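The file my_file_25.pdb contains PDB, C-alpha atoms:
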```
ATOM      1  CA  LYS Y 278     104.817  85.684  98.858
ATOM      2  CA  ALA Y 279     101.091  85.013  98.809
ATOM      3  CA  GLY Y 280      99.048  86.465 101.637
ATOM      4  CA  VAL Y 281      96.534  84.779 103.882
ATOM      5  CA  THR Y 282      93.690  83.325 101.871
ATOM      6  CA  GLN Y 283      90.227  82.468 103.109
ATOM      7  CA  THR Y 284      87.507  80.510 101.403
ATOM      8  CA  PRO Y 285      84.735  81.005 100.718
ATOM      9  CA  ARG Y 286      84.496  84.785 100.769
ATOM     10  CA  TYR Y 287      80.726  84.797 101.246
ATOM     11  CA  LEU Y 288      78.308  82.286 102.702
ATOM     12  CA  ILE Y 289      74.590  82.277 103.286
ATOM     13  CA  LYS Y 290      73.169  79.650 105.629
ATOM     14  CA  THR Y 291      69.958  79.102 107.554
ATOM     15  CA  ARG Y 292      69.519  78.646 111.281
ATOM     16  CA  GLY Y 293      70.392  75.184 112.505
ATOM     17  CA  GLN Y 294      72.833  74.422 109.698
ATOM     18  CA  GLN Y 295      76.557  74.059 110.155
ATOM     19  CA  VAL Y 296      79.363  75.715 108.258
ATOM     20  CA  THR Y 297      83.083  75.186 107.677
ATOM     21  CA  LEU Y 298      85.441  78.020 106.832
ATOM     22  CA  SER Y 299      88.946  77.550 105.523
ATOM     23  CA  CYS Y 300      92.150  79.521 105.963
ATOM     24  CA  SER Y 301      95.534  79.107 104.290
ATOM     25  CA  PRO Y 302      98.277  81.010 106.139
ATOM     26  CA  ILE Y 303     101.316  82.655 104.644
ATOM     27  CA  SER Y 304     103.893  80.053 103.713
ATOM     28  CA  GLY Y 305     106.091  79.260 106.706
ATOM     29  CA  HIS Y 306     103.716  80.698 109.275
ATOM     30  CA  ARG Y 307     102.844  78.230 111.990
ATOM     31  CA  SER Y 308     100.388  80.168 114.123
ATOM     32  CA  VAL Y 309      96.827  80.671 112.898
ATOM     33  CA  SER Y 310      94.233  82.681 114.800
ATOM     34  CA  TRP Y 311      90.556  83.265 114.146
ATOM     35  CA  TYR Y 312      88.509  86.352 114.995
ATOM     36  CA  GLN Y 313      84.837  87.231 114.706
ATOM     37  CA  GLN Y 314      83.929  90.774 113.672
ATOM     38  CA  THR Y 315      80.433  92.164 114.240
ATOM     39  CA  PRO Y 316      79.137  95.742 114.378
ATOM     40  CA  GLY Y 317      78.002  95.306 117.981
ATOM     41  CA  GLN Y 318      80.866  93.387 119.553
ATOM     42  CA  GLY Y 319      83.716  94.452 117.326
ATOM     43  CA  LEU Y 320      86.651  92.089 116.863
ATOM     44  CA  GLN Y 321      86.662  89.125 119.215
ATOM     45  CA  PHE Y 322      89.245  86.366 119.494
ATOM     46  CA  LEU Y 323      87.966  82.866 118.774
ATOM     47  CA  PHE Y 324      90.995  80.575 118.996
ATOM     48  CA  GLU Y 325      94.637  80.118 118.075
ATOM     49  CA  TYR Y 326      96.412  77.092 116.665
ATOM     50  CA  PHE Y 327     100.094  76.288 116.558
ATOM     51  CA  SER Y 328     101.538  73.066 115.189
ATOM     52  CA  GLU Y 329      98.090  71.480 114.971
ATOM     53  CA  THR Y 330      97.302  72.233 118.630
ATOM     54  CA  GLN Y 331      94.690  74.639 119.896
ATOM     55  CA  ARG Y 332      96.502  76.619 122.547
ATOM     56  CA  ASN Y 333      94.147  79.459 123.313
ATOM     57  CA  LYS Y 334      90.387  79.862 123.078
ATOM     58  CA  GLY Y 335      88.164  82.891 123.447
ATOM     59  CA  ASN Y 336      84.838  83.121 125.193
ATOM     60  CA  PHE Y 337      82.647  81.409 122.611
ATOM     61  CA  PRO Y 338      80.286  78.442 122.994
ATOM     62  CA  GLY Y 339      81.317  74.937 122.073
ATOM     63  CA  ARG Y 340      79.444  75.249 118.756
ATOM     64  CA  PHE Y 341      82.568  77.029 117.527
ATOM     65  CA  SER Y 342      85.440  74.671 116.864
ATOM     66  CA  GLY Y 343      88.478  74.481 114.689
ATOM     67  CA  ARG Y 344      91.497  72.506 113.691
ATOM     68  CA  GLN Y 345      94.853  72.931 112.053
ATOM     69  CA  PHE Y 346      96.485  70.553 109.621
ATOM     70  CA  SER Y 347     100.129  69.564 109.307
ATOM     71  CA  ASN Y 348     100.623  72.123 106.516
ATOM     72  CA  SER Y 349      99.341  74.848 108.897
ATOM     73  CA  ARG Y 350      96.086  75.309 106.994
ATOM     74  CA  SER Y 351      93.189  75.754 109.352
ATOM     75  CA  GLU Y 352      89.455  75.293 109.345
ATOM     76  CA  MET Y 353      86.822  76.524 111.708
ATOM     77  CA  ASN Y 354      83.397  75.019 112.098
ATOM     78  CA  VAL Y 355      80.212  76.461 113.508
ATOM     79  CA  SER Y 356      77.413  74.020 114.223
ATOM     80  CA  THR Y 357      73.730  74.703 114.835
ATOM     81  CA  LEU Y 358      73.956  78.197 113.404
ATOM     82  CA  GLU Y 359      72.130  81.055 115.095
ATOM     83  CA  LEU Y 360      71.162  84.430 113.681
ATOM     84  CA  GLY Y 361      73.756  86.045 115.936
ATOM     85  CA  ASP Y 362      76.540  84.111 114.223
ATOM     86  CA  SER Y 363      76.230  86.408 111.216
ATOM     87  CA  ALA Y 364      79.599  88.108 111.064
ATOM     88  CA  LEU Y 365      82.851  88.569 109.225
ATOM     89  CA  TYR Y 366      85.238  85.791 110.244
ATOM     90  CA  LEU Y 367      88.867  86.759 109.955
ATOM     91  CA  CYS Y 368      91.832  84.459 109.937
ATOM     92  CA  ALA Y 369      95.320  85.688 110.792
ATOM     93  CA  SER Y 370      98.688  84.014 110.604
ATOM     94  CA  SER Y 371     101.965  84.714 112.317
ATOM     95  CA  LEU Y 372     105.446  83.294 112.000
ATOM     96  CA  TRP Y 373     105.694  82.654 115.724
ATOM     97  CA  ALA Y 374     103.219  82.908 118.557
ATOM     98  CA  SER Y 375     105.068  85.726 120.251
ATOM     99  CA  GLY Y 376     103.332  88.830 121.537
ATOM    100  CA  SER Y 377     105.468  91.208 119.510
ATOM    101  CA  ASN Y 378     104.875  89.403 116.238
ATOM    102  CA  GLU Y 379     102.649  90.922 113.624
ATOM    103  CA  GLN Y 380      99.547  88.968 112.680
ATOM    104  CA  PHE Y 381      98.714  89.016 108.967
ATOM    105  CA  PHE Y 382      95.020  88.974 108.214
ATOM    106  CA  GLY Y 383      93.074  87.457 105.369
ATOM    107  CA  PRO Y 384      90.141  89.215 103.663
ATOM    108  CA  GLY Y 385      87.615  87.331 105.759
ATOM    109  CA  THR Y 386      84.573  85.170 105.144
ATOM    110  CA  ARG Y 387      81.264  87.005 105.369
ATOM    111  CA  LEU Y 388      78.711  84.617 106.922
ATOM    112  CA  THR Y 389      75.027  85.496 106.804
ATOM    113  CA  VAL Y 390      72.598  83.341 108.777
ATOM    114  CA  LEU Y 391      68.936  83.615 107.752
TER     115      LEU Y 391
ATOM    116  CA  GLY D 204      91.688  90.953 131.749
ATOM    117  CA  ASP D 205      93.286  92.958 129.000
ATOM    118  CA  SER D 206      91.256  95.674 127.342
ATOM    119  CA  VAL D 207      91.654  98.500 124.832
ATOM    120  CA  THR D 208      89.615 101.679 124.731
ATOM    121  CA  GLN D 209      89.732 103.952 121.733
ATOM    122  CA  MET D 210      87.868 107.114 120.943
ATOM    123  CA  GLU D 211      84.403 106.734 119.542
ATOM    124  CA  GLY D 212      83.880 107.674 115.946
ATOM    125  CA  PRO D 213      83.061 108.519 113.406
ATOM    126  CA  VAL D 214      85.716 111.126 112.769
ATOM    127  CA  THR D 215      85.303 113.373 109.739
ATOM    128  CA  LEU D 216      88.152 115.602 108.582
ATOM    129  CA  SER D 217      89.059 117.701 105.605
ATOM    130  CA  GLU D 218      92.081 116.779 103.522
ATOM    131  CA  GLU D 219      95.375 118.005 105.045
ATOM    132  CA  ALA D 220      93.886 118.250 108.548
ATOM    133  CA  PHE D 221      95.681 116.875 111.626
ATOM    134  CA  LEU D 222      94.485 113.536 112.942
ATOM    135  CA  THR D 223      94.542 112.151 116.474
ATOM    136  CA  ILE D 224      92.799 108.946 117.500
ATOM    137  CA  ASN D 225      93.127 108.242 121.199
ATOM    138  CA  CYS D 226      93.831 104.773 122.535
ATOM    139  CA  THR D 227      94.354 103.628 126.109
ATOM    140  CA  TYR D 228      94.859 100.117 127.378
ATOM    141  CA  THR D 229      94.684  97.935 130.461
ATOM    142  CA  ALA D 230      97.087  95.042 130.778
ATOM    143  CA  THR D 231      98.686  93.095 133.592
ATOM    144  CA  GLY D 232     102.154  92.941 132.091
ATOM    145  CA  TYR D 233     104.093  94.604 129.292
ATOM    146  CA  PRO D 234     102.099  94.286 126.088
ATOM    147  CA  SER D 235     103.052  95.010 122.527
ATOM    148  CA  LEU D 236     100.796  97.637 120.961
ATOM    149  CA  PHE D 237      99.490  97.846 117.420
ATOM    150  CA  TRP D 238      97.428  99.977 115.102
ATOM    151  CA  TYR D 239      95.619  98.109 112.359
ATOM    152  CA  VAL D 240      93.648  99.655 109.489
ATOM    153  CA  GLN D 241      90.707  98.147 107.644
ATOM    154  CA  TYR D 242      89.658  99.474 104.256
ATOM    155  CA  PRO D 243      86.131  98.764 103.007
ATOM    156  CA  GLY D 244      85.623  95.126 102.094
ATOM    157  CA  GLU D 245      89.075  94.079 103.203
ATOM    158  CA  GLY D 246      90.789  92.414 106.128
ATOM    159  CA  LEU D 247      93.042  94.200 108.597
ATOM    160  CA  GLN D 248      96.482  95.515 107.725
ATOM    161  CA  LEU D 249      99.137  96.374 110.258
ATOM    162  CA  LEU D 250      99.784 100.111 110.209
ATOM    163  CA  LEU D 251     102.430 100.324 112.932
ATOM    164  CA  LYS D 252     103.524  98.751 116.184
ATOM    165  CA  ALA D 253     105.589  99.350 119.307
ATOM    166  CA  THR D 254     106.878  96.623 121.561
ATOM    167  CA  LYS D 255     108.192  98.470 124.607
ATOM    168  CA  ALA D 256     107.741 101.683 126.540
ATOM    169  CA  ASP D 257     108.770 104.910 124.767
ATOM    170  CA  ASP D 258     109.017 103.143 121.408
ATOM    171  CA  LYS D 259     107.565 105.107 118.520
ATOM    172  CA  GLY D 260     105.948 103.234 115.683
ATOM    173  CA  SER D 261     105.626 105.000 112.344
ATOM    174  CA  ASN D 262     104.435 104.206 108.836
ATOM    175  CA  LYS D 263     102.951 106.151 105.898
ATOM    176  CA  GLY D 264     103.047 109.407 107.895
ATOM    177  CA  PHE D 265     101.239 107.899 110.883
ATOM    178  CA  GLU D 266     102.918 107.796 114.287
ATOM    179  CA  ALA D 267     102.148 106.467 117.746
ATOM    180  CA  THR D 268     104.266 106.413 120.908
ATOM    181  CA  TYR D 269     104.004 103.734 123.591
ATOM    182  CA  ARG D 270     103.407 105.642 126.839
ATOM    183  CA  LYS D 271     103.572 103.287 129.803
ATOM    184  CA  GLU D 272     102.963 106.006 132.377
ATOM    185  CA  THR D 273      99.628 106.952 130.805
ATOM    186  CA  THR D 274      98.924 103.486 129.312
ATOM    187  CA  SER D 275      98.285 105.126 125.963
ATOM    188  CA  PHE D 276      99.143 104.645 122.296
ATOM    189  CA  HIS D 277      97.516 107.537 120.446
ATOM    190  CA  LEU D 278      97.612 107.544 116.647
ATOM    191  CA  GLU D 279      98.574 110.793 114.888
ATOM    192  CA  LYS D 280      99.079 112.042 111.359
ATOM    193  CA  GLY D 281     100.000 115.562 110.425
ATOM    194  CA  SER D 282      98.121 115.807 107.129
ATOM    195  CA  VAL D 283      95.452 113.283 106.202
ATOM    196  CA  GLN D 284      94.488 112.343 102.665
ATOM    197  CA  VAL D 285      91.229 111.072 101.189
ATOM    198  CA  SER D 286      92.913 107.684 100.776
ATOM    199  CA  ASP D 287      93.292 107.464 104.593
ATOM    200  CA  SER D 288      89.534 106.975 104.948
ATOM    201  CA  ALA D 289      89.156 103.635 106.739
ATOM    202  CA  VAL D 290      88.473 102.068 110.124
ATOM    203  CA  TYR D 291      91.396 102.156 112.548
ATOM    204  CA  PHE D 292      91.825  99.618 115.346
ATOM    205  CA  CYS D 293      94.111  99.858 118.332
ATOM    206  CA  ALA D 294      95.187  96.461 119.681
ATOM    207  CA  LEU D 295      97.456  94.854 122.212
ATOM    208  CA  SER D 296      99.131  91.486 122.538
ATOM    209  CA  GLU D 297     100.390  90.552 125.944
ATOM    210  CA  GLY D 298     101.306  86.932 125.838
ATOM    211  CA  GLY D 299     103.068  84.430 123.702
ATOM    212  CA  GLY D 300     102.580  80.733 123.604
ATOM    213  CA  SER D 301      99.245  79.660 125.039
ATOM    214  CA  ASN D 302      98.249  83.271 125.740
ATOM    215  CA  TYR D 303      98.875  84.485 122.206
ATOM    216  CA  LYS D 304      96.055  86.657 120.919
ATOM    217  CA  LEU D 305      95.202  90.216 119.926
ATOM    218  CA  THR D 306      92.764  92.271 121.987
ATOM    219  CA  PHE D 307      91.169  95.048 119.941
ATOM    220  CA  GLY D 308      89.456  98.332 120.589
ATOM    221  CA  LYS D 309      86.061  98.951 119.006
ATOM    222  CA  GLY D 310      87.498 100.749 116.009
ATOM    223  CA  THR D 311      87.276 104.353 114.806
ATOM    224  CA  LEU D 312      85.829 105.177 111.409
ATOM    225  CA  LEU D 313      87.748 107.988 109.718
ATOM    226  CA  THR D 314      86.317 109.813 106.728
ATOM    227  CA  VAL D 315      88.472 112.368 104.940
ATOM    228  CA  ASN D 316      86.711 114.760 102.577
ATOM    229  CA  PRO D 317      88.476 116.500  99.678
TER     230      PRO D 317
END
```
In C-alpha coordinates, write the structure found in this file.
Amino acid sequence: KAGVTQTPRYLIKTRGQQVTLSCSPISGHRSVSWYQQTPGQGLQFLFEYFSETQRNKGNFPGRFSGRQFSNSRSEMNVSTLELGDSALYLCASSLWASGSNEQFFGPGTRLTVL
Amino acid sequence: GDSVTQMEGPVTLSEEAFLTINCTYTATGYPSLFWYVQYPGEGLQLLLKATKADDKGSNKGFEATYRKETTSFHLEKGSVQVSDSAVYFCALSEGGGSNYKLTFGKGTLLTVNP
(Lines of atoms letter the chains of each structure in order from A and count residues from 1; the text may use other names and numbers.)
(Lines give C-alpha, C1' and ligand atoms only; values in the text may rest on other atoms or scores of the structure.)
Protein backbone atom coordinates (compact mmCIF):
# COMPACT_ATOMS: atom_id res chain seq x y z
CA LYS A 1 0.00 0.00 0.00
CA ALA A 2 1.45 3.36 -0.97
CA GLY A 3 2.29 5.74 1.83
CA VAL A 4 1.34 9.37 2.26
CA THR A 5 2.65 11.45 -0.61
CA GLN A 6 3.25 15.18 -0.63
CA THR A 7 3.99 17.45 -3.53
CA PRO A 8 6.08 19.34 -4.18
CA ARG A 9 8.94 18.27 -1.95
CA TYR A 10 10.68 21.64 -2.10
CA LEU A 11 9.43 25.15 -2.78
CA ILE A 12 11.08 28.53 -2.86
CA LYS A 13 8.84 31.59 -2.76
CA THR A 14 9.22 35.28 -2.02
CA ARG A 15 7.44 37.34 0.61
CA GLY A 16 3.91 38.29 -0.34
CA GLN A 17 3.36 35.34 -2.66
CA GLN A 18 0.98 32.50 -1.98
CA VAL A 19 1.60 28.79 -2.10
CA THR A 20 -0.44 25.59 -2.34
CA LEU A 21 0.79 22.27 -0.99
CA SER A 22 -0.77 18.94 -1.81
CA CYS A 23 -1.17 15.73 0.17
CA SER A 24 -2.47 12.33 -0.91
CA PRO A 25 -3.32 10.11 2.07
CA ILE A 26 -3.01 6.37 2.30
CA SER A 27 -5.82 4.70 0.39
CA GLY A 28 -8.88 4.34 2.62
CA HIS A 29 -7.76 6.91 5.16
CA ARG A 30 -10.33 9.60 5.73
CA SER A 31 -8.61 11.89 8.22
CA VAL A 32 -5.86 14.22 7.03
CA SER A 33 -3.92 16.50 9.35
CA TRP A 34 -1.30 19.14 8.65
CA TYR A 35 1.62 20.16 10.85
CA GLN A 36 4.28 22.84 10.61
CA GLN A 37 7.80 21.97 11.75
CA THR A 38 10.36 24.68 12.52
CA PRO A 39 13.58 24.60 14.56
CA GLY A 40 12.22 27.19 17.00
CA GLN A 41 8.64 26.07 17.52
CA GLY A 42 8.95 22.38 16.80
CA LEU A 43 5.92 20.52 15.46
CA GLN A 44 2.70 22.50 15.57
CA PHE A 45 -0.77 21.38 14.54
CA LEU A 46 -2.34 23.36 11.71
CA PHE A 47 -5.67 21.68 10.97
CA GLU A 48 -7.47 18.38 10.50
CA TYR A 49 -9.96 17.35 7.84
CA PHE A 50 -12.39 14.47 7.82
CA SER A 51 -14.87 13.79 5.03
CA GLU A 52 -14.15 17.16 3.43
CA THR A 53 -14.84 19.07 6.66
CA GLN A 54 -12.31 20.97 8.71
CA ARG A 55 -12.99 19.84 12.25
CA ASN A 56 -10.05 21.17 14.19
CA LYS A 57 -7.72 24.11 13.70
CA GLY A 58 -4.53 25.10 15.46
CA ASN A 59 -3.44 28.55 16.51
CA PHE A 60 -2.40 29.93 13.13
CA PRO A 61 -3.52 33.10 11.34
CA GLY A 62 -6.19 33.06 8.69
CA ARG A 63 -3.51 33.18 5.97
CA PHE A 64 -3.26 29.42 6.49
CA SER A 65 -6.17 27.53 4.99
CA GLY A 66 -6.89 24.14 3.59
CA ARG A 67 -9.44 21.86 2.07
CA GLN A 68 -10.12 18.21 1.50
CA PHE A 69 -11.60 16.65 -1.60
CA SER A 70 -14.05 13.78 -1.91
CA ASN A 71 -11.18 11.34 -2.54
CA SER A 72 -9.61 12.46 0.77
CA ARG A 73 -6.74 14.28 -0.93
CA SER A 74 -5.98 17.54 0.78
CA GLU A 75 -4.40 20.85 -0.03
CA MET A 76 -3.20 23.62 2.19
CA ASN A 77 -2.72 27.19 1.12
CA VAL A 78 -0.66 29.96 2.63
CA SER A 79 -1.32 33.46 1.35
CA THR A 80 0.80 36.59 1.71
CA LEU A 81 3.88 34.61 2.67
CA GLU A 82 6.14 35.86 5.44
CA LEU A 83 9.74 34.94 6.17
CA GLY A 84 8.57 33.12 9.29
CA ASP A 85 6.49 30.73 7.19
CA SER A 86 9.68 28.97 6.11
CA ALA A 87 9.26 25.48 7.48
CA LEU A 88 8.75 21.82 6.76
CA TYR A 89 5.03 21.17 6.28
CA LEU A 90 4.00 17.65 7.14
CA CYS A 91 0.80 15.93 6.20
CA ALA A 92 -0.48 12.91 8.10
CA SER A 93 -3.35 10.56 7.45
CA SER A 94 -5.30 8.25 9.70
CA LEU A 95 -7.98 5.67 9.11
CA TRP A 96 -10.25 7.20 11.72
CA ALA A 97 -10.07 10.37 13.76
CA SER A 98 -9.72 8.53 17.04
CA GLY A 99 -7.14 9.46 19.65
CA SER A 100 -5.59 6.01 19.75
CA ASN A 101 -5.13 5.79 16.00
CA GLU A 102 -1.70 6.08 14.50
CA GLN A 103 -1.11 8.98 12.15
CA PHE A 104 1.02 8.15 9.11
CA PHE A 105 3.23 10.98 7.96
CA GLY A 106 4.41 11.98 4.52
CA PRO A 107 7.97 13.16 3.78
CA GLY A 108 6.95 16.80 3.97
CA THR A 109 7.22 19.86 1.77
CA ARG A 110 10.16 22.12 2.55
CA LEU A 111 9.03 25.73 2.00
CA THR A 112 11.62 28.50 1.90
CA VAL A 113 10.41 32.10 1.84
CA LEU A 114 12.96 34.68 0.66
CA GLY B 1 -4.19 22.75 27.33
CA ASP B 2 -2.32 19.59 26.56
CA SER B 3 1.46 19.69 26.56
CA VAL B 4 4.44 17.35 26.29
CA THR B 5 7.86 17.94 27.80
CA GLN B 6 10.81 15.84 26.78
CA MET B 7 14.43 16.00 27.75
CA GLU B 8 16.57 18.49 25.91
CA GLY B 9 19.14 17.13 23.54
CA PRO B 10 21.32 16.50 21.90
CA VAL B 11 22.14 13.10 23.32
CA THR B 12 25.36 11.43 22.18
CA LEU B 13 26.04 7.78 22.99
CA SER B 14 28.44 5.08 22.00
CA GLU B 15 27.15 1.99 20.24
CA GLU B 16 25.67 -0.59 22.65
CA ALA B 17 25.04 2.01 25.36
CA PHE B 18 21.72 2.23 27.25
CA LEU B 19 19.31 4.93 26.15
CA THR B 20 16.68 6.80 28.14
CA ILE B 21 14.78 9.80 26.81
CA ASN B 22 12.43 11.27 29.38
CA CYS B 23 8.94 12.42 28.49
CA THR B 24 6.22 13.83 30.72
CA TYR B 25 2.83 15.13 29.73
CA THR B 26 -0.06 17.29 30.86
CA ALA B 27 -3.55 16.39 29.75
CA THR B 28 -7.06 16.85 31.06
CA GLY B 29 -8.28 13.36 30.28
CA TYR B 30 -6.81 10.01 29.32
CA PRO B 31 -4.57 10.49 26.30
CA SER B 32 -2.93 7.98 24.04
CA LEU B 33 0.85 8.34 24.03
CA PHE B 34 3.27 7.92 21.15
CA TRP B 35 6.93 7.98 20.27
CA TYR B 36 7.73 9.03 16.73
CA VAL B 37 11.16 8.99 15.08
CA GLN B 38 12.41 11.24 12.30
CA TYR B 39 15.44 10.28 10.25
CA PRO B 40 17.30 13.00 8.33
CA GLY B 41 15.31 14.30 5.38
CA GLU B 42 12.27 12.20 6.14
CA GLY B 43 8.86 12.52 7.72
CA LEU B 44 7.89 11.01 11.06
CA GLN B 45 7.48 7.30 11.64
CA LEU B 46 5.60 5.79 14.55
CA LEU B 47 8.01 3.94 16.81
CA LEU B 48 5.58 2.75 19.48
CA LYS B 49 2.41 3.70 21.29
CA ALA B 50 0.38 3.02 24.42
CA THR B 51 -3.29 3.79 24.78
CA LYS B 52 -3.99 3.30 28.48
CA ALA B 53 -2.28 3.36 31.85
CA ASP B 54 0.34 0.66 32.50
CA ASP B 55 0.44 -0.32 28.82
CA LYS B 56 3.92 -0.95 27.48
CA GLY B 57 4.66 -0.10 23.89
CA SER B 58 7.62 -1.80 22.24
CA ASN B 59 9.23 -1.96 18.81
CA LYS B 60 12.73 -2.57 17.41
CA GLY B 61 14.16 -2.96 20.94
CA PHE B 62 12.65 0.31 22.16
CA GLU B 63 10.18 0.32 25.04
CA ALA B 64 8.05 2.85 26.89
CA THR B 65 5.49 2.37 29.67
CA TYR B 66 2.47 4.61 30.18
CA ARG B 67 2.70 5.79 33.80
CA LYS B 68 -0.43 7.67 34.78
CA GLU B 69 0.71 8.31 38.35
CA THR B 70 3.82 10.16 37.18
CA THR B 71 2.33 11.33 33.84
CA SER B 72 5.36 9.94 32.06
CA PHE B 73 6.22 7.88 28.99
CA HIS B 74 10.00 7.50 29.00
CA LEU B 75 11.66 5.86 26.00
CA GLU B 76 14.33 3.21 26.66
CA LYS B 77 16.57 0.91 24.67
CA GLY B 78 19.08 -1.46 26.14
CA SER B 79 21.71 -1.31 23.40
CA VAL B 80 21.66 1.44 20.79
CA GLN B 81 23.06 1.13 17.28
CA VAL B 82 24.48 3.71 14.89
CA SER B 83 21.32 3.29 12.81
CA ASP B 84 19.25 4.60 15.76
CA SER B 85 20.67 8.09 15.21
CA ALA B 86 17.62 10.29 14.60
CA VAL B 87 15.30 12.80 16.27
CA TYR B 88 12.77 11.29 18.66
CA PHE B 89 9.44 12.94 19.45
CA CYS B 90 7.09 12.15 22.29
CA ALA B 91 3.45 12.96 21.51
CA LEU B 92 -0.02 12.63 22.89
CA SER B 93 -3.49 12.51 21.40
CA GLU B 94 -6.35 13.16 23.74
CA GLY B 95 -9.42 13.58 21.65
CA GLY B 96 -11.19 12.08 18.73
CA GLY B 97 -13.59 13.72 16.39
CA SER B 98 -13.31 17.50 16.42
CA ASN B 99 -10.47 17.38 18.96
CA TYR B 100 -8.32 14.99 16.97
CA LYS B 101 -4.70 16.10 16.82
CA LEU B 102 -1.22 15.19 18.01
CA THR B 103 0.61 17.39 20.51
CA PHE B 104 4.37 16.95 20.30
CA GLY B 105 7.36 17.53 22.51
CA LYS B 106 10.27 19.54 21.13
CA GLY B 107 12.19 16.48 20.02
CA THR B 108 15.48 14.94 21.16
CA LEU B 109 18.35 14.49 18.74
CA LEU B 110 20.18 11.21 19.34
CA THR B 111 23.59 10.57 17.84
CA VAL B 112 25.15 7.13 18.24
CA ASN B 113 28.87 6.83 17.52
CA PRO B 114 30.53 3.56 16.50
Checklist entry - In terms of the shortest atom-to-atom distance over only C-alpha atoms, which of D:Asn225, D:Asn316, D:Thr208, D:Ser282 is closest to chain Y? => result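 Closest residue, counting only C-alpha atoms: D:Thr208.
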Checklist entry - Mind listing as a ChimeraX atom specification which residues of chain Y are within 8 Å of chain D, counting all atoms listed in the file? => result /Y:310,318-322,325,332-333,367,374-377,379-385
Checklist entry - Written as a ChimeraX atom specification, which residues does the PyMOL selection byres ((chain D and resi 289) around 9) give for the file shown? => result /D:240-243,286-288,290-291,311-315
Next on the checklist: Need to verify the contact set: stretch 260-276 of chain D, 6 Å, only C-alpha atoms, exclusion of same-chain residues closer than 2 positions in sequence. Can you return it as JSON, numbers by chain?
Outcome noted: {"D": [226, 227, 228, 251, 252, 253, 256, 257, 258, 278, 279, 280]}
Next on the checklist: One decimal, in Å: what's the spacing between atom CA of Y:Gln345 and atom CA of Y:Gln294?
Outcome noted: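 Separation between atom CA of Y:Gln345 and atom CA of Y:Gln294: 22.2 Å.
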Checklist entry - Can you tell me, as a VMD selection string, which residues sit within 7 Å of (87.0, 73.2, 110.8) in the file's frame, using only C-alpha atoms? => result chain Y and resid 297 to 298 342 to 344 351 to 354
Checklist entry - What do you get, as an MDAnalysis selection string, if you spell out every residue that the PyMOL selection byres ((chain Y and resi 346) around 12) selects here? => result chainID Y and resid 299:302 307:309 326:331 343:345 347:353
